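> Just so it is clear, I am handing over target-v1.pdb, which has PDB, C-alpha atoms, pLDDT in the B column.
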```
ATOM      1  CA  GLY A   1     -19.296 -29.299  37.416  1.00 56.00           C
ATOM      2  CA  GLN A   2     -16.669 -27.460  35.476  1.00 67.00           C
ATOM      3  CA  ASN A   3     -16.827 -24.343  33.360  1.00 88.00           C
ATOM      4  CA  ILE A   4     -14.101 -23.612  30.835  1.00 94.00           C
ATOM      5  CA  ASP A   5     -14.350 -20.526  28.658  1.00 96.00           C
ATOM      6  CA  GLN A   6     -12.221 -19.435  25.732  1.00 97.00           C
ATOM      7  CA  PRO A   7     -12.953 -17.180  22.753  1.00 96.00           C
ATOM      8  CA  THR A   8     -14.500 -18.874  19.758  1.00 95.00           C
ATOM      9  CA  GLU A   9     -12.341 -17.345  17.076  1.00 96.00           C
ATOM     10  CA  MET A  10      -9.332 -15.049  16.610  1.00 97.00           C
ATOM     11  CA  THR A  11      -7.598 -13.672  13.542  1.00 97.00           C
ATOM     12  CA  ALA A  12      -3.985 -12.558  13.352  1.00 96.00           C
ATOM     13  CA  THR A  13      -1.358 -11.713  10.768  1.00 96.00           C
ATOM     14  CA  GLU A  14       1.592 -13.878   9.844  1.00 97.00           C
ATOM     15  CA  GLY A  15       4.604 -12.935  11.979  1.00 97.00           C
ATOM     16  CA  ALA A  16       2.483 -11.362  14.705  1.00 97.00           C
ATOM     17  CA  ILE A  17       1.666 -12.513  18.233  1.00 97.00           C
ATOM     18  CA  VAL A  18      -1.682 -13.847  19.425  1.00 97.00           C
ATOM     19  CA  GLN A  19      -2.804 -14.493  22.997  1.00 98.00           C
ATOM     20  CA  ILE A  20      -5.619 -16.952  23.654  1.00 98.00           C
ATOM     21  CA  ASN A  21      -7.236 -16.651  27.059  1.00 98.00           C
ATOM     22  CA  CYS A  22      -8.891 -19.418  29.014  1.00 98.00           C
ATOM     23  CA  THR A  23     -10.840 -19.052  32.247  1.00 97.00           C
ATOM     24  CA  TYR A  24     -12.073 -21.938  34.303  1.00 96.00           C
ATOM     25  CA  GLN A  25     -14.063 -22.732  37.413  1.00 94.00           C
ATOM     26  CA  THR A  26     -13.461 -26.118  38.919  1.00 87.00           C
ATOM     27  CA  SER A  27     -12.736 -28.049  42.084  1.00 84.00           C
ATOM     28  CA  GLY A  28      -9.812 -30.401  42.462  1.00 84.00           C
ATOM     29  CA  PHE A  29      -7.670 -28.486  39.959  1.00 88.00           C
ATOM     30  CA  ASN A  30      -4.714 -30.606  38.916  1.00 85.00           C
ATOM     31  CA  GLY A  31      -3.195 -28.932  35.887  1.00 89.00           C
ATOM     32  CA  LEU A  32      -4.077 -27.133  32.695  1.00 93.00           C
ATOM     33  CA  PHE A  33      -3.191 -28.282  29.205  1.00 93.00           C
ATOM     34  CA  TRP A  34      -3.167 -26.606  25.832  1.00 96.00           C
ATOM     35  CA  TYR A  35      -3.669 -28.662  22.698  1.00 95.00           C
ATOM     36  CA  GLN A  36      -3.564 -27.752  19.023  1.00 96.00           C
ATOM     37  CA  GLN A  37      -6.045 -29.363  16.675  1.00 95.00           C
ATOM     38  CA  HIS A  38      -6.161 -29.050  12.909  1.00 94.00           C
ATOM     39  CA  ALA A  39      -9.542 -29.780  11.358  1.00 89.00           C
ATOM     40  CA  GLY A  40     -10.268 -33.484  11.247  1.00 87.00           C
ATOM     41  CA  GLU A  41      -7.060 -34.398  13.036  1.00 92.00           C
ATOM     42  CA  ALA A  42      -6.138 -35.480  16.529  1.00 93.00           C
ATOM     43  CA  PRO A  43      -5.380 -32.880  19.191  1.00 94.00           C
ATOM     44  CA  THR A  44      -1.650 -32.614  19.793  1.00 93.00           C
ATOM     45  CA  PHE A  45      -0.141 -31.630  23.121  1.00 91.00           C
ATOM     46  CA  LEU A  46       1.387 -28.148  23.305  1.00 93.00           C
ATOM     47  CA  SER A  47       1.946 -27.228  26.922  1.00 91.00           C
ATOM     48  CA  TYR A  48       1.148 -27.958  30.525  1.00 90.00           C
ATOM     49  CA  ASN A  49       0.931 -25.763  33.650  1.00 91.00           C
ATOM     50  CA  VAL A  50       0.257 -26.928  37.169  1.00 88.00           C
ATOM     51  CA  LEU A  51       2.017 -24.151  39.095  1.00 91.00           C
ATOM     52  CA  ASP A  52       1.532 -20.403  38.652  1.00 95.00           C
ATOM     53  CA  GLY A  53       3.730 -18.725  36.124  1.00 95.00           C
ATOM     54  CA  LEU A  54       4.936 -18.882  32.582  1.00 95.00           C
ATOM     55  CA  GLU A  55       6.108 -21.973  30.696  1.00 92.00           C
ATOM     56  CA  GLU A  56       7.965 -21.301  27.454  1.00 92.00           C
ATOM     57  CA  LYS A  57       8.441 -23.769  24.638  1.00 88.00           C
ATOM     58  CA  GLY A  58       9.877 -22.216  21.529  1.00 93.00           C
ATOM     59  CA  ARG A  59       7.308 -19.983  19.857  1.00 95.00           C
ATOM     60  CA  PHE A  60       4.595 -21.088  22.298  1.00 95.00           C
ATOM     61  CA  SER A  61       4.255 -19.974  25.921  1.00 96.00           C
ATOM     62  CA  SER A  62       1.547 -20.698  28.432  1.00 97.00           C
ATOM     63  CA  PHE A  63       0.722 -18.876  31.640  1.00 97.00           C
ATOM     64  CA  LEU A  64      -1.329 -19.941  34.639  1.00 97.00           C
ATOM     65  CA  SER A  65      -2.837 -18.123  37.608  1.00 97.00           C
ATOM     66  CA  ARG A  66      -4.596 -20.632  39.826  1.00 95.00           C
ATOM     67  CA  SER A  67      -6.053 -18.013  42.160  1.00 95.00           C
ATOM     68  CA  LYS A  68      -7.722 -16.290  39.219  1.00 96.00           C
ATOM     69  CA  GLY A  69      -8.695 -19.468  37.370  1.00 96.00           C
ATOM     70  CA  TYR A  70      -6.955 -18.068  34.321  1.00 97.00           C
ATOM     71  CA  SER A  71      -4.522 -19.213  31.688  1.00 98.00           C
ATOM     72  CA  TYR A  72      -3.327 -17.956  28.347  1.00 98.00           C
ATOM     73  CA  LEU A  73      -1.474 -19.428  25.405  1.00 98.00           C
ATOM     74  CA  LEU A  74       0.850 -17.068  23.583  1.00 98.00           C
ATOM     75  CA  LEU A  75       1.803 -17.811  20.015  1.00 97.00           C
ATOM     76  CA  LYS A  76       4.706 -15.753  18.682  1.00 96.00           C
ATOM     77  CA  GLU A  77       6.033 -15.271  15.146  1.00 97.00           C
ATOM     78  CA  LEU A  78       2.841 -16.675  13.733  1.00 97.00           C
ATOM     79  CA  GLN A  79       3.111 -18.928  10.712  1.00 97.00           C
ATOM     80  CA  MET A  80       0.386 -19.939   8.289  1.00 97.00           C
ATOM     81  CA  LYS A  81       0.557 -23.501   9.611  1.00 96.00           C
ATOM     82  CA  ASP A  82      -0.506 -22.193  13.041  1.00 97.00           C
ATOM     83  CA  SER A  83      -4.034 -21.778  11.695  1.00 97.00           C
ATOM     84  CA  ALA A  84      -5.872 -24.326  13.836  1.00 97.00           C
ATOM     85  CA  SER A  85      -8.077 -24.695  16.870  1.00 96.00           C
ATOM     86  CA  TYR A  86      -6.439 -24.324  20.269  1.00 97.00           C
ATOM     87  CA  LEU A  87      -8.014 -26.245  23.094  1.00 96.00           C
ATOM     88  CA  CYS A  88      -7.719 -25.393  26.760  1.00 96.00           C
ATOM     89  CA  ALA A  89      -8.200 -28.445  28.967  1.00 94.00           C
ATOM     90  CA  VAL A  90      -8.400 -28.619  32.739  1.00 92.00           C
ATOM     91  CA  ARG A  91      -7.472 -31.713  34.659  1.00 87.00           C
ATOM     92  CA  THR A  92      -9.232 -32.343  37.914  1.00 82.00           C
ATOM     93  CA  TYR A  93      -8.332 -34.857  40.538  1.00 76.00           C
ATOM     94  CA  LYS A  94     -10.689 -36.959  42.536  1.00 68.00           C
ATOM     95  CA  ALA A  95     -10.065 -40.121  44.488  1.00 60.00           C
ATOM     96  CA  ALA A  96     -10.892 -42.188  41.445  1.00 56.00           C
ATOM     97  CA  GLY A  97      -8.272 -40.497  39.323  1.00 62.00           C
ATOM     98  CA  ASN A  98      -7.701 -37.640  36.960  1.00 68.00           C
ATOM     99  CA  LYS A  99     -10.226 -36.327  34.458  1.00 76.00           C
ATOM    100  CA  LEU A 100      -9.491 -33.960  31.575  1.00 82.00           C
ATOM    101  CA  THR A 101     -12.242 -31.582  30.457  1.00 87.00           C
ATOM    102  CA  PHE A 102     -11.919 -29.459  27.340  1.00 91.00           C
ATOM    103  CA  GLY A 103     -13.120 -25.973  26.537  1.00 93.00           C
ATOM    104  CA  GLY A 104     -14.852 -25.390  23.226  1.00 92.00           C
ATOM    105  CA  GLY A 105     -11.623 -24.387  21.504  1.00 94.00           C
ATOM    106  CA  THR A 106     -10.438 -21.169  19.872  1.00 96.00           C
ATOM    107  CA  ARG A 107     -10.143 -21.192  16.109  1.00 96.00           C
ATOM    108  CA  VAL A 108      -7.137 -19.104  15.066  1.00 97.00           C
ATOM    109  CA  LEU A 109      -6.899 -17.896  11.505  1.00 97.00           C
ATOM    110  CA  VAL A 110      -3.493 -16.634  10.393  1.00 97.00           C
ATOM    111  CA  LYS A 111      -3.621 -14.292   7.416  1.00 96.00           C
ATOM    112  CA  PRO A 112      -0.680 -13.372   5.163  1.00 95.00           C
TER     113      PRO A 112
ATOM    114  CA  ASP B  22       2.636 -40.372  15.871  1.00 82.00           C
ATOM    115  CA  SER B  23       1.260 -40.332  19.426  1.00 85.00           C
ATOM    116  CA  GLY B  24       1.520 -44.083  19.880  1.00 92.00           C
ATOM    117  CA  VAL B  25      -2.234 -44.448  20.398  1.00 96.00           C
ATOM    118  CA  THR B  26      -3.793 -46.621  17.703  1.00 97.00           C
ATOM    119  CA  GLN B  27      -7.429 -46.543  16.697  1.00 98.00           C
ATOM    120  CA  THR B  28      -9.345 -48.701  14.249  1.00 97.00           C
ATOM    121  CA  PRO B  29     -11.183 -48.362  11.992  1.00 97.00           C
ATOM    122  CA  LYS B  30     -10.219 -44.946  10.669  1.00 96.00           C
ATOM    123  CA  HIS B  31     -13.456 -44.547   8.761  1.00 97.00           C
ATOM    124  CA  LEU B  32     -16.797 -46.290   9.120  1.00 96.00           C
ATOM    125  CA  ILE B  33     -20.111 -45.781   7.372  1.00 97.00           C
ATOM    126  CA  THR B  34     -23.156 -47.580   8.708  1.00 97.00           C
ATOM    127  CA  ALA B  35     -26.928 -47.346   8.717  1.00 97.00           C
ATOM    128  CA  THR B  36     -29.233 -46.107  11.448  1.00 97.00           C
ATOM    129  CA  GLY B  37     -30.154 -48.751  13.968  1.00 97.00           C
ATOM    130  CA  GLN B  38     -26.911 -50.646  13.525  1.00 97.00           C
ATOM    131  CA  ARG B  39     -24.180 -51.353  16.042  1.00 98.00           C
ATOM    132  CA  VAL B  40     -20.457 -50.678  15.670  1.00 98.00           C
ATOM    133  CA  THR B  41     -17.353 -51.274  17.733  1.00 98.00           C
ATOM    134  CA  LEU B  42     -14.397 -48.904  17.798  1.00 98.00           C
ATOM    135  CA  ARG B  43     -11.071 -50.198  18.976  1.00 98.00           C
ATOM    136  CA  CYS B  44      -8.183 -48.483  20.713  1.00 98.00           C
ATOM    137  CA  SER B  45      -4.679 -49.574  21.705  1.00 98.00           C
ATOM    138  CA  PRO B  46      -3.064 -47.212  24.192  1.00 96.00           C
ATOM    139  CA  ARG B  47       0.568 -46.136  24.195  1.00 94.00           C
ATOM    140  CA  SER B  48       2.930 -48.701  25.617  1.00 92.00           C
ATOM    141  CA  GLY B  49       2.929 -48.383  29.396  1.00 89.00           C
ATOM    142  CA  ASP B  50      -0.218 -46.281  29.619  1.00 91.00           C
ATOM    143  CA  LEU B  51      -2.868 -47.675  31.935  1.00 90.00           C
ATOM    144  CA  SER B  52      -5.658 -45.184  31.326  1.00 90.00           C
ATOM    145  CA  VAL B  53      -7.834 -44.984  28.266  1.00 93.00           C
ATOM    146  CA  TYR B  54     -10.269 -42.166  27.545  1.00 93.00           C
ATOM    147  CA  TRP B  55     -12.963 -41.875  24.906  1.00 96.00           C
ATOM    148  CA  TYR B  56     -14.073 -38.548  23.481  1.00 95.00           C
ATOM    149  CA  GLN B  57     -16.699 -37.633  20.893  1.00 96.00           C
ATOM    150  CA  GLN B  58     -16.314 -34.648  18.557  1.00 94.00           C
ATOM    151  CA  SER B  59     -19.204 -33.741  16.306  1.00 91.00           C
ATOM    152  CA  LEU B  60     -18.748 -31.397  13.363  1.00 82.00           C
ATOM    153  CA  ASP B  61     -17.520 -28.006  14.559  1.00 71.00           C
ATOM    154  CA  GLN B  62     -18.071 -29.026  18.158  1.00 78.00           C
ATOM    155  CA  GLY B  63     -15.712 -29.368  21.079  1.00 84.00           C
ATOM    156  CA  LEU B  64     -14.404 -32.575  22.533  1.00 90.00           C
ATOM    157  CA  GLN B  65     -17.005 -34.247  24.715  1.00 91.00           C
ATOM    158  CA  PHE B  66     -15.693 -36.644  27.323  1.00 90.00           C
ATOM    159  CA  LEU B  67     -17.454 -39.987  27.256  1.00 93.00           C
ATOM    160  CA  ILE B  68     -15.705 -42.375  29.606  1.00 92.00           C
ATOM    161  CA  GLN B  69     -12.359 -43.302  31.171  1.00 90.00           C
ATOM    162  CA  TYR B  70     -10.918 -46.685  32.134  1.00 92.00           C
ATOM    163  CA  TYR B  71      -7.888 -47.291  34.290  1.00 89.00           C
ATOM    164  CA  ASN B  72      -6.265 -50.697  34.328  1.00 91.00           C
ATOM    165  CA  GLY B  73      -9.469 -52.417  33.333  1.00 93.00           C
ATOM    166  CA  GLU B  74     -11.840 -50.554  35.609  1.00 91.00           C
ATOM    167  CA  GLU B  75     -14.195 -47.713  34.819  1.00 90.00           C
ATOM    168  CA  ARG B  76     -12.884 -44.536  36.486  1.00 85.00           C
ATOM    169  CA  ALA B  77     -14.923 -41.621  35.249  1.00 84.00           C
ATOM    170  CA  LYS B  78     -18.036 -41.186  33.200  1.00 86.00           C
ATOM    171  CA  GLY B  79     -19.042 -38.179  31.162  1.00 86.00           C
ATOM    172  CA  ASN B  80     -21.926 -37.558  28.802  1.00 82.00           C
ATOM    173  CA  ILE B  81     -22.122 -41.092  27.517  1.00 92.00           C
ATOM    174  CA  LEU B  82     -25.472 -42.275  26.198  1.00 94.00           C
ATOM    175  CA  GLU B  83     -26.992 -45.493  27.488  1.00 95.00           C
ATOM    176  CA  ARG B  84     -26.785 -46.861  23.930  1.00 97.00           C
ATOM    177  CA  PHE B  85     -23.002 -46.593  24.211  1.00 97.00           C
ATOM    178  CA  SER B  86     -20.756 -48.790  26.307  1.00 97.00           C
ATOM    179  CA  ALA B  87     -17.057 -49.380  26.650  1.00 97.00           C
ATOM    180  CA  GLN B  88     -14.627 -51.735  28.274  1.00 97.00           C
ATOM    181  CA  GLN B  89     -10.902 -52.125  28.794  1.00 97.00           C
ATOM    182  CA  PHE B  90      -9.407 -55.570  28.442  1.00 97.00           C
ATOM    183  CA  PRO B  91      -6.553 -57.209  30.408  1.00 96.00           C
ATOM    184  CA  ASP B  92      -4.095 -56.284  27.657  1.00 95.00           C
ATOM    185  CA  LEU B  93      -5.263 -52.663  28.184  1.00 96.00           C
ATOM    186  CA  HIS B  94      -6.811 -52.187  24.782  1.00 97.00           C
ATOM    187  CA  SER B  95     -10.291 -50.709  24.856  1.00 98.00           C
ATOM    188  CA  GLU B  96     -13.435 -50.927  22.801  1.00 98.00           C
ATOM    189  CA  LEU B  97     -16.288 -48.462  22.486  1.00 98.00           C
ATOM    190  CA  ASN B  98     -19.582 -50.027  21.445  1.00 98.00           C
ATOM    191  CA  LEU B  99     -22.214 -47.837  19.850  1.00 98.00           C
ATOM    192  CA  SER B 100     -25.649 -49.385  19.314  1.00 97.00           C
ATOM    193  CA  SER B 101     -29.021 -48.378  17.870  1.00 97.00           C
ATOM    194  CA  LEU B 102     -27.154 -45.760  15.926  1.00 97.00           C
ATOM    195  CA  GLU B 103     -28.825 -42.487  15.030  1.00 97.00           C
ATOM    196  CA  LEU B 104     -27.874 -39.848  12.491  1.00 96.00           C
ATOM    197  CA  GLY B 105     -26.719 -37.591  15.318  1.00 94.00           C
ATOM    198  CA  ASP B 106     -24.098 -40.113  16.362  1.00 96.00           C
ATOM    199  CA  SER B 107     -22.062 -39.235  13.298  1.00 96.00           C
ATOM    200  CA  ALA B 108     -18.851 -37.813  14.708  1.00 96.00           C
ATOM    201  CA  LEU B 109     -15.143 -38.269  15.154  1.00 96.00           C
ATOM    202  CA  TYR B 110     -14.454 -40.548  18.093  1.00 97.00           C
ATOM    203  CA  PHE B 111     -11.091 -40.134  19.755  1.00 97.00           C
ATOM    204  CA  CYS B 112      -9.340 -42.477  22.076  1.00 97.00           C
ATOM    205  CA  ALA B 113      -6.602 -41.120  24.295  1.00 94.00           C
ATOM    206  CA  SER B 114      -4.281 -42.638  26.841  1.00 92.00           C
ATOM    207  CA  SER B 115      -2.100 -41.613  29.738  1.00 88.00           C
ATOM    208  CA  VAL B 116       0.045 -43.173  32.407  1.00 83.00           C
ATOM    209  CA  ASP B 117      -2.365 -41.792  35.035  1.00 69.00           C
ATOM    210  CA  GLY B 118      -1.167 -43.640  38.073  1.00 50.00           C
ATOM    211  CA  SER B 119      -4.279 -42.446  39.879  1.00 48.00           C
ATOM    212  CA  GLU B 120      -2.355 -42.476  43.128  1.00 44.00           C
ATOM    213  CA  GLY B 121      -2.583 -38.766  43.633  1.00 46.00           C
ATOM    214  CA  PRO B 122      -2.195 -35.317  42.177  1.00 48.00           C
ATOM    215  CA  ALA B 123       0.003 -35.079  39.149  1.00 47.00           C
ATOM    216  CA  ARG B 124       3.204 -33.115  39.612  1.00 48.00           C
ATOM    217  CA  SER B 125       4.352 -33.023  36.073  1.00 51.00           C
ATOM    218  CA  SER B 126       3.093 -33.447  32.587  1.00 52.00           C
ATOM    219  CA  GLY B 127       4.050 -37.084  32.875  1.00 54.00           C
ATOM    220  CA  ASN B 128       0.353 -37.772  32.949  1.00 68.00           C
ATOM    221  CA  THR B 129      -0.221 -35.947  29.688  1.00 81.00           C
ATOM    222  CA  ILE B 130      -3.052 -37.411  27.691  1.00 86.00           C
ATOM    223  CA  TYR B 131      -2.126 -38.368  24.125  1.00 91.00           C
ATOM    224  CA  PHE B 132      -4.737 -38.788  21.424  1.00 94.00           C
ATOM    225  CA  GLY B 133      -5.124 -41.305  18.649  1.00 96.00           C
ATOM    226  CA  GLU B 134      -5.999 -40.252  15.109  1.00 96.00           C
ATOM    227  CA  GLY B 135      -9.682 -40.876  15.665  1.00 96.00           C
ATOM    228  CA  SER B 136     -12.389 -42.977  14.056  1.00 97.00           C
ATOM    229  CA  TRP B 137     -14.725 -41.183  11.683  1.00 96.00           C
ATOM    230  CA  LEU B 138     -18.227 -42.586  12.057  1.00 97.00           C
ATOM    231  CA  THR B 139     -20.877 -41.658   9.534  1.00 97.00           C
ATOM    232  CA  VAL B 140     -24.419 -42.882  10.146  1.00 97.00           C
ATOM    233  CA  VAL B 141     -26.650 -42.767   7.077  1.00 97.00           C
TER     234      VAL B 141
END
```
Mind turning this structure into structure tokens?

Amino acid sequence: GQNIDQPTEMTATEGAIVQINCTYQTSGFNGLFWYQQHAGEAPTFLSYNVLDGLEEKGRFSSFLSRSKGYSYLLLKELQMKDSASYLCAVRTYKAAGNKLTFGGGTRVLVKP
Amino acid sequence: DSGVTQTPKHLITATGQRVTLRCSPRSGDLSVYWYQQSLDQGLQFLIQYYNGEERAKGNILERFSAQQFPDLHSELNLSSLELGDSALYFCASSVDGSEGPARSSGNTIYFGEGSWLTVV
């Protein structure tokens, strides 16, 4: 099976930086995704890592260490609209294809 | 707009009934995934189809079934509904060539807006 862990909730101030950690244990690792989900809405794709290192996309960056089974999502210059749940998802590959499994999500609350 | 279309957006039905949720994947995507999200819960993987064939199965109840048609649209059938089945059901799609490990985010999974099911 797979185990994906991320904190349940985090609070940060507008303009600050927040780092959301995700640890996973899996076999057949084939990439890690971060999604943003506002309450009652569809998850939207933020970033993808398959190799070790940092991927930067504007205010959002994501880091992966495959040997440690660890990733983080960094949100810079926080805005009120960034208040949402952030989902870490691990893709695993088997002969039948790829499967994407989600962690429980981290609810981020941005305060003024 | 992700390009994944789900209908209906909202559905209210009684316990014991049966409903069908419909999903049209993004143009060119061969894989369809179904996820269930109950209130304040994470996304639970139900089932995946690739080009008409079942590829992976998650925590899908026996009362639930799905299929993918030749035109690649998919339906999720929920029967003998219980109060606990009330949830947001997401469909997602990806290219997912299934030929081997993905090298890029080209196999990113994109989600539809979801179907809200309320069982009363």
> What lies within 6 Å of B:Asn98 using only C-alpha atoms, ignoring chain neighbours under 6 positions off, as a CSV table (one decimal) with C-alpha atoms, in the frame of the given file?

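And here is the file that came out, selection-v8.csv:
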```
chain,number,residue,atom,x,y,z
B,40,VAL,CA,-20.5,-50.7,15.7
B,41,THR,CA,-17.4,-51.3,17.7
B,85,PHE,CA,-23.0,-46.6,24.2
B,86,SER,CA,-20.8,-48.8,26.3
B,87,ALA,CA,-17.1,-49.4,26.6
```
> By how many Å are atom CA of A:Tyr35 and atom CA of A:Ala89 apart?
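Those two atoms sit 7.7 Å apart.
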> Please indicate the distance in Å from atom CA of B:His94 to atom CA of B:Thr28, rounded to one decimal place.
11.4 Å
> From the list A:Thr26, A:Ser62, A:Thr11, A:Thr44, which residue is nearest chain B when using all atoms listed in the file?
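That would be A:Thr44, the residue with the smallest distance to chain B.
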> Could you write out as a VMD selection string the residues of chain A within 10 Å of chain B, counting all atoms listed in the file?
chain A and resid 28 to 33 35 39 to 45 47 to 51 85 87 89 91 to 106
> Taking N, CA and C atoms as the atom set, what does stretch 31-47 of chain A look like once completed, written as a JSON list (two decimals), keeping the file's coordinate frame?

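Dumped everything to part-v8.json:
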```json
[["chain", "number", "residue", "atom", "x", "y", "z"],
["A", 31, "GLY", "N", -3.98, -29.21, 37.08],
["A", 31, "GLY", "CA", -3.20, -28.93, 35.89],
["A", 31, "GLY", "C", -4.03, -28.44, 34.73],
["A", 32, "LEU", "N", -3.39, -27.67, 33.87],
["A", 32, "LEU", "CA", -4.08, -27.13, 32.70],
["A", 32, "LEU", "C", -3.22, -27.41, 31.47],
["A", 33, "PHE", "N", -3.86, -27.91, 30.44],
["A", 33, "PHE", "CA", -3.19, -28.28, 29.20],
["A", 33, "PHE", "C", -3.67, -27.40, 28.06],
["A", 34, "TRP", "N", -2.80, -27.19, 27.11],
["A", 34, "TRP", "CA", -3.17, -26.61, 25.83],
["A", 34, "TRP", "C", -2.84, -27.62, 24.73],
["A", 35, "TYR", "N", -3.83, -27.78, 23.85],
["A", 35, "TYR", "CA", -3.67, -28.66, 22.70],
["A", 35, "TYR", "C", -3.93, -27.87, 21.42],
["A", 36, "GLN", "N", -3.28, -28.29, 20.35],
["A", 36, "GLN", "CA", -3.56, -27.75, 19.02],
["A", 36, "GLN", "C", -4.29, -28.82, 18.23],
["A", 37, "GLN", "N", -5.33, -28.40, 17.50],
["A", 37, "GLN", "CA", -6.04, -29.36, 16.68],
["A", 37, "GLN", "C", -6.34, -28.77, 15.30],
["A", 38, "HIS", "N", -5.79, -29.40, 14.27],
["A", 38, "HIS", "CA", -6.16, -29.05, 12.91],
["A", 38, "HIS", "C", -7.43, -29.81, 12.57],
["A", 39, "ALA", "N", -8.23, -29.22, 11.69],
["A", 39, "ALA", "CA", -9.54, -29.78, 11.36],
["A", 39, "ALA", "C", -9.43, -31.24, 10.95],
["A", 40, "GLY", "N", -10.23, -32.07, 11.59],
["A", 40, "GLY", "CA", -10.27, -33.48, 11.25],
["A", 40, "GLY", "C", -9.11, -34.30, 11.75],
["A", 41, "GLU", "N", -8.22, -33.67, 12.53],
["A", 41, "GLU", "CA", -7.06, -34.40, 13.04],
["A", 41, "GLU", "C", -7.11, -34.52, 14.55],
["A", 42, "ALA", "N", -6.19, -35.30, 15.09],
["A", 42, "ALA", "CA", -6.14, -35.48, 16.53],
["A", 42, "ALA", "C", -5.56, -34.24, 17.21],
["A", 43, "PRO", "N", -6.02, -33.94, 18.41],
["A", 43, "PRO", "CA", -5.38, -32.88, 19.19],
["A", 43, "PRO", "C", -3.95, -33.29, 19.52],
["A", 44, "THR", "N", -3.04, -32.34, 19.44],
["A", 44, "THR", "CA", -1.65, -32.61, 19.79],
["A", 44, "THR", "C", -1.25, -31.73, 20.97],
["A", 45, "PHE", "N", -0.53, -32.29, 21.89],
["A", 45, "PHE", "CA", -0.14, -31.63, 23.12],
["A", 45, "PHE", "C", 0.81, -30.48, 22.84],
["A", 46, "LEU", "N", 0.52, -29.31, 23.45],
["A", 46, "LEU", "CA", 1.39, -28.15, 23.30],
["A", 46, "LEU", "C", 2.10, -27.82, 24.60],
["A", 47, "SER", "N", 1.33, -27.69, 25.69],
["A", 47, "SER", "CA", 1.95, -27.23, 26.92],
["A", 47, "SER", "C", 1.12, -27.64, 28.12]]
```
